[in-house]
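Source file: structure09.cif; contents: mmCIF, C-alpha atoms.
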data_final
#
loop_
_atom_site.label_atom_id
_atom_site.label_comp_id
_atom_site.auth_asym_id
_atom_site.auth_seq_id
_atom_site.Cartn_x
_atom_site.Cartn_y
_atom_site.Cartn_z
CA MET A 108 -23.95 -11.33 -8.50
CA THR A 109 -26.71 -11.17 -5.90
CA ALA A 110 -25.82 -12.65 -2.52
CA PRO A 111 -28.04 -15.40 -1.09
CA ALA A 112 -30.39 -14.12 1.59
CA SER A 113 -28.45 -15.97 4.30
CA LEU A 114 -25.19 -14.20 3.49
CA HIS A 115 -24.29 -10.60 4.29
CA GLN A 116 -23.19 -8.92 1.06
CA LEU A 117 -20.15 -6.64 1.11
CA LYS A 118 -18.99 -4.58 -1.87
CA LEU A 119 -15.19 -4.60 -1.82
CA GLY A 120 -13.15 -2.45 -4.16
CA PHE A 121 -9.67 -3.19 -5.44
CA VAL A 122 -7.18 -1.84 -7.95
CA ALA A 123 -5.50 -4.25 -10.37
CA LEU A 124 -2.29 -5.00 -8.49
CA THR A 125 -0.69 -8.19 -7.22
CA ASP A 126 -1.23 -7.05 -3.64
CA CYS A 127 -5.03 -7.23 -3.97
CA ALA A 128 -4.49 -11.00 -3.72
CA ALA A 129 -5.99 -11.43 -0.23
CA LEU A 130 -9.40 -10.18 -1.39
CA VAL A 131 -9.33 -12.43 -4.45
CA ALA A 132 -8.12 -15.49 -2.54
CA ALA A 133 -10.65 -15.03 0.28
CA HIS A 134 -13.48 -15.07 -2.26
CA LYS A 135 -12.09 -17.86 -4.46
CA LEU A 136 -11.43 -20.08 -1.45
CA GLY A 137 -14.93 -19.46 -0.11
CA LEU A 138 -13.62 -18.04 3.16
CA ASP A 139 -16.14 -15.21 2.98
CA ARG A 140 -19.07 -17.61 2.65
CA GLU A 141 -17.79 -19.83 5.46
CA LEU A 142 -18.07 -16.76 7.68
CA GLY A 143 -21.56 -15.82 6.51
CA LEU A 144 -20.45 -13.14 4.05
CA GLN A 145 -20.55 -12.63 0.30
CA PHE A 146 -17.67 -10.58 -1.08
CA CYS A 147 -18.68 -8.76 -4.26
CA LEU A 148 -15.33 -7.72 -5.69
CA GLN A 149 -15.34 -4.60 -7.85
CA ARG A 150 -12.22 -3.58 -9.79
CA GLN A 151 -11.61 0.17 -9.77
CA PRO A 152 -9.76 2.17 -12.44
CA SER A 153 -7.80 4.37 -10.01
CA TRP A 154 -7.20 5.20 -6.38
CA SER A 155 -9.30 8.32 -6.72
CA ALA A 156 -12.22 6.08 -7.71
CA VAL A 157 -11.62 3.97 -4.58
CA ARG A 158 -11.60 7.11 -2.45
CA ASP A 159 -14.77 8.54 -3.98
CA LYS A 160 -16.73 5.28 -3.78
CA LEU A 161 -15.72 4.66 -0.18
CA MET A 162 -16.82 8.18 0.66
CA ASN A 163 -20.22 7.99 -1.04
CA GLY A 164 -21.04 4.45 0.09
CA GLN A 165 -20.76 2.68 -3.26
CA LEU A 166 -18.09 0.50 -1.65
CA ASP A 167 -18.32 -0.96 1.84
CA ALA A 168 -14.58 -1.51 2.12
CA ALA A 169 -11.56 -1.61 -0.14
CA HIS A 170 -7.98 -2.62 -0.83
CA ALA A 171 -6.48 0.85 -0.39
CA LEU A 172 -3.21 2.71 -0.16
CA TYR A 173 -2.27 3.31 3.46
CA GLY A 174 -1.82 7.01 2.83
CA LEU A 175 -5.11 7.30 0.94
CA VAL A 176 -6.95 6.51 4.18
CA TYR A 177 -5.11 9.17 6.16
CA GLY A 178 -5.60 11.66 3.34
CA MET A 179 -9.36 11.10 3.58
CA GLN A 180 -9.25 11.35 7.36
CA LEU A 181 -7.43 14.69 7.14
CA GLY A 182 -9.56 16.01 4.27
CA MET A 183 -6.51 16.41 2.02
CA GLY A 184 -7.69 16.73 -1.57
CA SER A 185 -11.24 15.64 -0.75
CA PRO A 186 -13.96 16.29 1.81
CA GLN A 187 -13.03 15.02 5.27
CA CYS A 188 -14.35 11.54 6.05
CA ASP A 189 -13.82 9.56 9.25
CA MET A 190 -12.02 6.40 8.20
CA ALA A 191 -10.87 3.08 9.64
CA ILE A 192 -7.86 0.91 8.86
CA LEU A 193 -8.93 -2.62 9.76
CA MET A 194 -5.71 -4.47 8.88
CA THR A 195 -2.60 -4.18 6.74
CA LEU A 196 -2.91 -6.36 3.63
CA ASN A 197 0.76 -6.53 2.70
CA GLN A 198 4.24 -5.23 3.27
CA ASN A 199 6.83 -4.33 0.63
CA GLY A 200 6.39 -5.30 -3.02
CA GLN A 201 6.55 -1.84 -4.65
CA GLY A 202 9.33 -0.26 -6.69
CA ILE A 203 10.75 2.60 -8.70
CA SER A 204 11.56 2.25 -12.40
CA LEU A 205 13.39 4.62 -14.74
CA ALA A 206 13.60 4.80 -18.51
CA PRO A 207 16.24 2.26 -19.67
CA ALA A 208 18.93 4.82 -20.57
CA LEU A 209 18.48 6.67 -17.28
CA ALA A 210 18.43 3.38 -15.35
CA ASP A 211 21.79 2.45 -16.93
CA GLN A 212 23.27 5.79 -15.87
CA TYR A 213 21.91 5.40 -12.36
CA ARG A 214 23.40 1.92 -12.00
CA GLN A 215 26.76 3.29 -13.16
CA GLY A 216 26.75 5.59 -10.15
CA ILE A 217 25.61 8.79 -11.84
CA SER A 218 23.50 10.71 -9.34
CA LEU A 219 19.89 11.70 -9.95
CA ALA A 220 20.90 15.35 -9.79
CA GLU A 221 23.52 14.77 -12.51
CA ILE A 222 21.03 12.87 -14.65
CA SER A 223 18.62 15.78 -14.33
CA ARG A 224 21.32 18.31 -15.22
CA ASP A 225 22.28 16.30 -18.32
CA LEU A 226 18.61 16.30 -19.39
CA GLY A 227 18.49 20.06 -18.90
CA ARG A 228 15.25 19.82 -16.94
CA PRO A 229 13.76 18.27 -13.80
CA LEU A 230 13.02 14.56 -13.86
CA VAL A 231 9.35 13.81 -14.54
CA LEU A 232 8.29 10.98 -12.24
CA ALA A 233 4.86 9.50 -11.60
CA HIS A 234 3.21 8.08 -8.52
CA THR A 235 -0.34 6.88 -8.03
CA PHE A 236 -2.08 9.19 -5.52
CA PRO A 237 -1.16 12.52 -3.85
CA THR A 238 -1.21 11.25 -0.24
CA GLY A 239 -0.53 7.60 -1.08
CA THR A 240 2.29 5.25 -0.32
CA HIS A 241 3.93 5.55 -3.73
CA ALA A 242 4.15 9.32 -3.43
CA MET A 243 5.83 8.95 -0.04
CA TRP A 244 8.26 6.24 -1.21
CA LEU A 245 9.20 8.35 -4.22
CA TYR A 246 9.64 11.51 -2.17
CA TYR A 247 11.73 9.71 0.44
CA TRP A 248 13.91 8.03 -2.20
CA LEU A 249 14.58 11.33 -3.96
CA ALA A 250 15.26 13.27 -0.75
CA ALA A 251 17.66 10.61 0.54
CA GLN A 252 19.72 11.27 -2.60
CA GLY A 253 19.69 15.05 -2.32
CA VAL A 254 16.82 15.73 -4.73
CA HIS A 255 13.93 17.71 -3.25
CA PRO A 256 10.79 16.07 -4.66
CA LEU A 257 8.78 19.29 -4.80
CA ARG A 258 11.49 21.70 -6.03
CA ASP A 259 13.99 19.62 -8.00
CA ALA A 260 11.66 17.14 -9.75
CA ARG A 261 8.19 17.15 -11.27
CA CYS A 262 6.03 14.48 -9.69
CA VAL A 263 2.69 13.68 -11.33
CA VAL A 264 -0.23 11.35 -10.60
CA ILE A 265 -1.09 8.48 -13.00
CA PRO A 266 -3.16 5.32 -12.29
CA PRO A 267 -0.84 2.30 -11.94
CA ALA A 268 -2.20 0.45 -14.98
CA GLN A 269 -1.30 3.44 -17.18
CA MET A 270 2.36 3.69 -16.16
CA GLY A 271 3.74 1.54 -18.96
CA ALA A 272 1.83 3.41 -21.66
CA ALA A 273 2.95 6.76 -20.24
CA MET A 274 6.57 5.59 -20.34
CA GLN A 275 6.09 4.29 -23.88
CA ASP A 276 4.70 7.67 -24.97
CA GLY A 277 7.71 9.48 -23.52
CA MET A 278 5.65 11.35 -20.92
CA LEU A 279 7.73 10.11 -17.98
CA ASP A 280 11.32 9.54 -16.93
CA GLY A 281 10.21 7.02 -14.32
CA PHE A 282 7.50 5.96 -11.89
CA CYS A 283 6.78 4.46 -8.49
CA ALA A 284 4.03 1.83 -8.33
CA GLY A 285 3.32 -1.79 -7.47
CA GLN A 286 3.53 -4.98 -9.49
CA PRO A 287 2.81 -6.22 -12.08
CA TRP A 288 3.20 -2.83 -13.77
CA HIS A 289 6.99 -2.68 -13.44
CA ALA A 290 7.15 -6.13 -15.01
CA GLN A 291 4.90 -5.01 -17.85
CA ALA A 292 6.95 -1.86 -18.49
CA GLN A 293 10.15 -3.89 -18.49
CA GLN A 294 8.63 -6.41 -20.91
CA LEU A 295 7.71 -3.51 -23.21
CA GLY A 296 11.30 -2.29 -23.00
CA VAL A 297 10.27 1.16 -21.74
CA ALA A 298 11.47 1.01 -18.10
CA SER A 299 13.80 -0.83 -15.76
CA ARG A 300 13.35 -1.13 -12.00
CA VAL A 301 16.17 0.55 -10.05
CA ALA A 302 14.83 0.41 -6.48
CA ASP A 303 12.54 -1.75 -4.40
CA SER A 304 10.40 -0.15 -1.73
CA ALA A 305 11.81 -2.56 0.88
CA ALA A 306 15.17 -0.83 0.37
CA ILE A 307 13.53 2.50 1.25
CA TRP A 308 11.75 1.20 4.37
CA PRO A 309 12.21 -2.52 5.14
CA GLU A 310 8.90 -4.23 5.91
CA HIS A 311 6.93 -1.06 5.26
CA PRO A 312 3.12 -1.10 5.28
CA GLU A 313 1.58 -0.86 1.84
CA LYS A 314 -2.10 -1.64 1.17
CA VAL A 315 -4.72 -1.84 3.89
CA LEU A 316 -8.30 -2.95 4.28
CA ALA A 317 -10.17 0.33 4.73
CA CYS A 318 -13.76 1.34 5.38
CA ARG A 319 -15.70 4.31 6.68
CA ARG A 320 -15.46 4.33 10.44
CA GLU A 321 -19.23 4.26 10.86
CA LEU A 322 -19.32 0.76 9.34
CA ALA A 323 -16.80 -0.52 11.91
CA GLN A 324 -18.76 1.15 14.71
CA GLN A 325 -22.24 0.10 13.60
CA GLN A 326 -21.49 -3.43 12.36
CA PRO A 327 -18.42 -4.65 14.30
CA ASP A 328 -19.42 -8.31 13.95
CA VAL A 329 -19.68 -8.10 10.17
CA VAL A 330 -16.44 -6.14 9.89
CA GLY A 331 -14.71 -8.56 12.24
CA ARG A 332 -15.72 -11.53 10.10
CA MET A 333 -14.48 -9.69 7.00
CA VAL A 334 -11.08 -9.24 8.68
CA GLN A 335 -11.04 -12.92 9.68
CA ALA A 336 -11.63 -14.02 6.08
CA LEU A 337 -8.81 -11.83 4.84
CA LEU A 338 -6.43 -12.93 7.58
CA LEU A 339 -7.01 -16.56 6.65
CA ALA A 340 -6.49 -15.70 2.98
CA SER A 341 -3.30 -13.78 3.81
CA HIS A 342 -1.89 -16.78 5.67
CA TRP A 343 -2.76 -19.03 2.71
CA LEU A 344 -0.98 -16.62 0.34
CA ASP A 345 2.26 -16.80 2.30
CA GLN A 346 2.59 -20.53 1.55
CA PRO A 347 4.81 -20.93 -1.55
CA GLU A 348 2.83 -23.95 -2.77
CA ASN A 349 -0.23 -21.69 -3.20
CA HIS A 350 1.44 -18.98 -5.30
CA ALA A 351 0.71 -20.61 -8.66
CA GLN A 352 -3.01 -20.91 -7.91
CA ALA A 353 -3.18 -17.36 -6.57
CA ALA A 354 -1.39 -16.04 -9.67
CA ALA A 355 -3.87 -17.90 -11.90
CA TRP A 356 -6.78 -16.20 -10.12
CA LEU A 357 -5.11 -12.79 -10.34
CA ALA A 358 -4.48 -13.30 -14.06
CA GLU A 359 -8.19 -13.60 -14.87
CA ASP A 360 -9.79 -10.94 -17.06
CA ASP A 361 -11.88 -9.42 -14.28
CA CYS A 362 -8.80 -8.99 -12.08
CA LEU A 363 -5.35 -8.12 -13.49
CA ALA A 364 -5.84 -9.55 -17.01
CA MET A 365 -2.12 -10.33 -17.18
CA PRO A 366 -0.16 -13.50 -18.04
CA VAL A 367 0.15 -15.88 -15.10
CA GLU A 368 3.88 -16.27 -15.74
CA LEU A 369 4.50 -12.53 -15.46
CA ILE A 370 2.64 -12.27 -12.15
CA LEU A 371 4.31 -15.34 -10.68
CA GLN A 372 7.80 -14.42 -11.89
CA GLN A 373 7.70 -11.03 -10.22
CA TRP A 374 6.03 -12.34 -7.07
CA GLU A 375 8.65 -15.01 -6.49
CA SER A 376 11.68 -13.11 -7.74
CA ALA A 377 14.41 -12.86 -5.10
CA ASP A 378 14.81 -9.12 -5.82
CA ALA A 379 11.10 -8.26 -5.98
CA GLY A 380 11.00 -6.52 -2.61
CA GLN A 381 9.91 -9.45 -0.42
CA LEU A 382 6.16 -9.09 -0.86
CA ARG A 383 4.61 -10.41 2.36
CA PHE A 384 0.94 -10.98 3.15
CA CYS A 385 0.86 -12.39 6.70
CA ALA A 386 4.02 -13.64 8.45
CA ASP A 387 1.89 -14.98 11.33
CA GLY A 388 0.11 -11.66 11.63
CA ARG A 389 3.20 -9.47 11.88
CA VAL A 390 2.26 -7.97 8.51
CA ASN A 391 -1.40 -7.43 9.31
CA TYR A 392 -1.43 -5.68 12.67
CA PRO A 393 -2.51 -2.01 12.24
CA TYR A 394 0.46 -0.54 14.11
CA LEU A 395 -0.06 3.02 15.33
CA SER A 396 3.51 3.88 14.39
CA ASP A 397 2.80 3.05 10.73
CA GLY A 398 0.00 5.60 10.57
CA LEU A 399 2.11 8.14 12.41
CA TRP A 400 4.90 7.81 9.84
CA PHE A 401 2.56 9.07 7.13
CA LEU A 402 1.50 12.04 9.27
CA GLN A 403 5.16 12.83 9.87
CA GLN A 404 5.83 12.75 6.12
CA TYR A 405 2.85 15.00 5.37
CA ARG A 406 4.27 17.52 7.80
CA ARG A 407 7.75 17.12 6.32
CA TRP A 408 6.51 18.04 2.84
CA GLY A 409 4.20 20.86 3.92
CA MET A 410 1.06 18.91 3.07
CA TRP A 411 -0.40 18.99 6.58
CA PRO A 412 0.26 21.62 9.27
CA GLY A 413 -1.45 19.71 12.07
CA GLU A 414 -0.24 18.98 15.57
CA ALA A 415 -0.05 15.64 17.35
CA GLU A 416 -3.53 14.11 17.59
CA PRO A 417 -3.31 10.77 19.44
CA ALA A 418 -7.08 10.31 19.43
CA MET A 419 -7.21 10.53 15.63
CA VAL A 420 -4.55 7.87 15.11
CA THR A 421 -6.06 5.43 17.58
CA ALA A 422 -9.49 5.99 16.02
CA VAL A 423 -8.27 5.29 12.48
CA ASN A 424 -6.13 2.22 13.27
CA GLN A 425 -8.66 -0.26 14.66
CA THR A 426 -6.33 -2.28 16.86
CA ALA A 427 -9.02 -3.69 19.18
CA LEU A 428 -11.19 -4.93 16.33
CA TYR A 429 -8.15 -6.46 14.62
CA GLU A 430 -6.98 -8.18 17.81
CA GLN A 431 -10.36 -9.85 18.30
CA ALA A 432 -10.39 -11.10 14.69
CA ALA A 433 -6.81 -12.37 14.93
CA ARG A 434 -7.63 -14.33 18.08
CA CYS A 435 -10.57 -15.95 16.30
CA CYS A 436 -8.14 -17.04 13.56
CA GLY A 437 -5.55 -18.32 16.00
CA LEU A 438 -2.95 -15.76 14.90
CA PRO A 439 -0.52 -14.39 17.49
CA LEU A 440 -0.52 -10.69 18.26
CA PRO A 441 2.82 -8.96 17.70
CA ALA A 442 4.10 -6.53 20.29
CA PRO A 443 3.86 -3.00 18.87
CA ALA A 444 7.14 -2.18 20.62
CA ASP A 445 8.84 -4.74 18.34
CA ARG A 446 8.00 -2.69 15.24
CA HIS A 447 11.20 -0.91 14.29
CA SER A 448 13.04 -0.20 11.05
CA VAL A 449 16.10 1.63 9.76
CA LEU A 450 15.22 3.51 6.57
CA MET A 451 17.49 4.02 3.58
CA ASP A 452 18.91 7.31 4.87
CA GLY A 453 19.85 5.77 8.22
CA CYS A 454 16.89 7.21 10.12
CA HIS A 455 15.14 4.97 12.64
CA TRP A 456 11.37 4.61 12.81
CA PRO A 457 10.18 4.69 15.52
CA GLU A 458 13.21 6.31 17.15
CA ARG A 459 13.48 3.73 19.92
CA ALA A 460 13.55 0.00 19.24
CA ASP A 461 13.13 -1.05 22.87
CA ALA A 462 9.82 0.69 23.63
CA ALA A 463 6.77 2.07 21.93
CA PRO A 464 7.29 5.88 21.95
CA SER A 465 4.48 8.30 22.52
CA VAL A 466 2.37 9.59 19.67
CA GLY A 467 3.70 13.09 20.23
CA ALA A 468 7.33 11.93 20.19
CA MET A 469 6.85 10.12 16.88
CA LEU A 470 5.08 13.07 15.25
CA ASN A 471 7.87 15.40 16.32
CA PHE A 472 10.54 13.10 14.86
CA THR A 473 12.59 15.02 12.28
CA HIS A 474 15.43 14.24 9.91
#
Is it possible to express this structure as structure tokens?
Amino acid sequence: MTAPASLHQLKLGFVALTDCAALVAAHKLGLDRELGLQFCLQRQPSWSAVRDKLMNGQLDAAHALYGLVYGMQLGMGSPQCDMAILMTLNQNGQGISLAPALADQYRQGISLAEISRDLGRPLVLAHTFPTGTHAMWLYYWLAAQGVHPLRDARCVVIPPAQMGAAMQDGMLDGFCAGQPWHAQAQQLGVASRVADSAAIWPEHPEKVLACRRELAQQQPDVVGRMVQALLLASHWLDQPENHAQAAAWLAEDDCLAMPVELILQQWESADAGQLRFCADGRVNYPYLSDGLWFLQQYRRWGMWPGEAEPAMVTAVNQTALYEQAARCCGLPLPAPADRHSVLMDGCHWPERADAAPSVGAMLNFTH
């Protein structure tokens, strides 16, 4: 669709997941047009397509994995590209599923190592992108249970929409991804969810609004209005009375192409990992510590040998731009020092709950 001359057109990419809802709702509610913008939403087949199109300018911005942005910034698996995280789009809402027989064993208290020994081979588990959130949740979950994700298991990359088919074909023992693909796999009878990502890291960051940094630098007004539209949509999504309408939009053929009931059931399920879109802005703030956690994990798994680079983290996470947009929307600004979690293995992130630690201290945090 061609944008009217009076509106600034923005090509926004997304992958078919429930947590793309803020982009869809902002457009359906007309929040983009109220702010002088025209969102042209473009569904992408994979996270690698999102990465490539952001890099070559085919997309202005995108619903993206948090770790995808830092992978691009570091040049891990692709040419280096200066990137910007404008806001966090959601927290929680992901999960890990295993084949039904393996899930039954796991729930009976049989360890992953024992399950692997009984199979006579390493577990074959899929995630969605090498530097992405799902890879890091899967690695952390395995390691917390004594399974080294790079030595004791075989982890492979598959686009989220293909997880159910891969399970059905017997290619996988399990996978880590977002909804509604766990729900679909369970409906097919080929997988059962055994862990929610909120149990790995409560209130973890998941998808972000990402763009090339040059766009944020060259057109801060346009980018700021884009953030405002998505903040207003995120607040709307957190109201339970709006879930049915949002699910109906997500179910459309050009979005998830899934039954409304399946999307809504998983979204509102008490054990679905507490998918959150706004929480008065506590979800959306681009906390420096969130980005630093991914750098720490890349170092942990030998993916990145770098040293502490405070300037890089503050350049990627656009806190000043976000703060201005949030004020325009009337959303309070959370105190970064209040961001603190205890992960599933008992480790604290950041280490201190009563103060915001230095970048260097967080990068040097070890298990």
Give me the residues near Arg261 of chain A as a list in words, where near means some atom within 12 Å (using all atoms listed in the file) and where sequence neighbours in that chain fewer than 5 positions away do not count. Ser223, Arg228, Pro229, Leu230, Val231, Leu232, Ala233, His234, Ala242, Leu245, Tyr246, Leu249, Val254, His255, Pro256, Met278, Leu279, Asp280, Gly281 and Phe282 of chain A
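When only C-alpha atoms are used to compute distances to Ser153 of chain A, the closest of the residues A:Gly174, A:Pro266, A:Pro207, A:Pro186 turns out to be A:Pro266.
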Could you please give me, as a ChimeraX atom specification, the residues of protein, DNA or RNA lying at most 10 Å from (7.4, 3.2, -7.9) in the coordinate frame of the file, considering all atoms listed in the file? /A:200-205,232-235,240-245,248,267,270,281-286,288-289,300-304
Residue members of the PyMOL selection byres ((chain A and resi 338) around 10) in the file shown, as number ranges by chain: A: 129-130, 133, 138, 194-196, 332-337, 339-344, 384-385, 387-388, 391, 429, 432-433, 436, 438
Using all atoms listed in the file, find each residue of segment 348-414 of chain A with at least one atom at most 9 Å away from an atom of segment 114-123 of chain A; report its shortest atom-to-atom pair and that distance in Å (one decimal), sort the rows by chain and rising residue number, and return the result as JSON lines.
{"residue": "A:Leu357", "atom": "CA", "partner": "A:Ala123", "partner_atom": "CA", "distance": 8.5}
{"residue": "A:Cys362", "atom": "CA", "partner": "A:Ala123", "partner_atom": "CA", "distance": 6.0}
{"residue": "A:Leu363", "atom": "CA", "partner": "A:Ala123", "partner_atom": "CA", "distance": 5.0}
{"residue": "A:Ala364", "atom": "CA", "partner": "A:Ala123", "partner_atom": "CA", "distance": 8.5}
May I have the residues from that selection written out with C-alpha atoms, as a PDB file, in the frame of the given file?
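Okay, selection-v8.pdb is ready:
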ATOM      1  CA  LEU A 357      -5.110 -12.790 -10.340  1.00  0.00           C
ATOM      2  CA  CYS A 362      -8.800  -8.990 -12.080  1.00  0.00           C
ATOM      3  CA  LEU A 363      -5.350  -8.120 -13.490  1.00  0.00           C
ATOM      4  CA  ALA A 364      -5.840  -9.550 -17.010  1.00  0.00           C
TER       5      ALA A 364
END
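Shortest atom-to-atom contact with Leu193 of chain A among A:Val315, A:Ile370, A:Leu175, A:Ala268: A:Val315, counting only C-alpha atoms.
We find atom CA of Met419 of chain A and atom CA of Tyr392 of chain A to be spaced 17.5 Å apart.
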Quick check on the file I pasted: which residues fall under the PyMOL selection byres ((chain A and resi 188) around 9)? Write them as a ChimeraX atom specification. /A:162,179-182,185-187,189-190,319-320
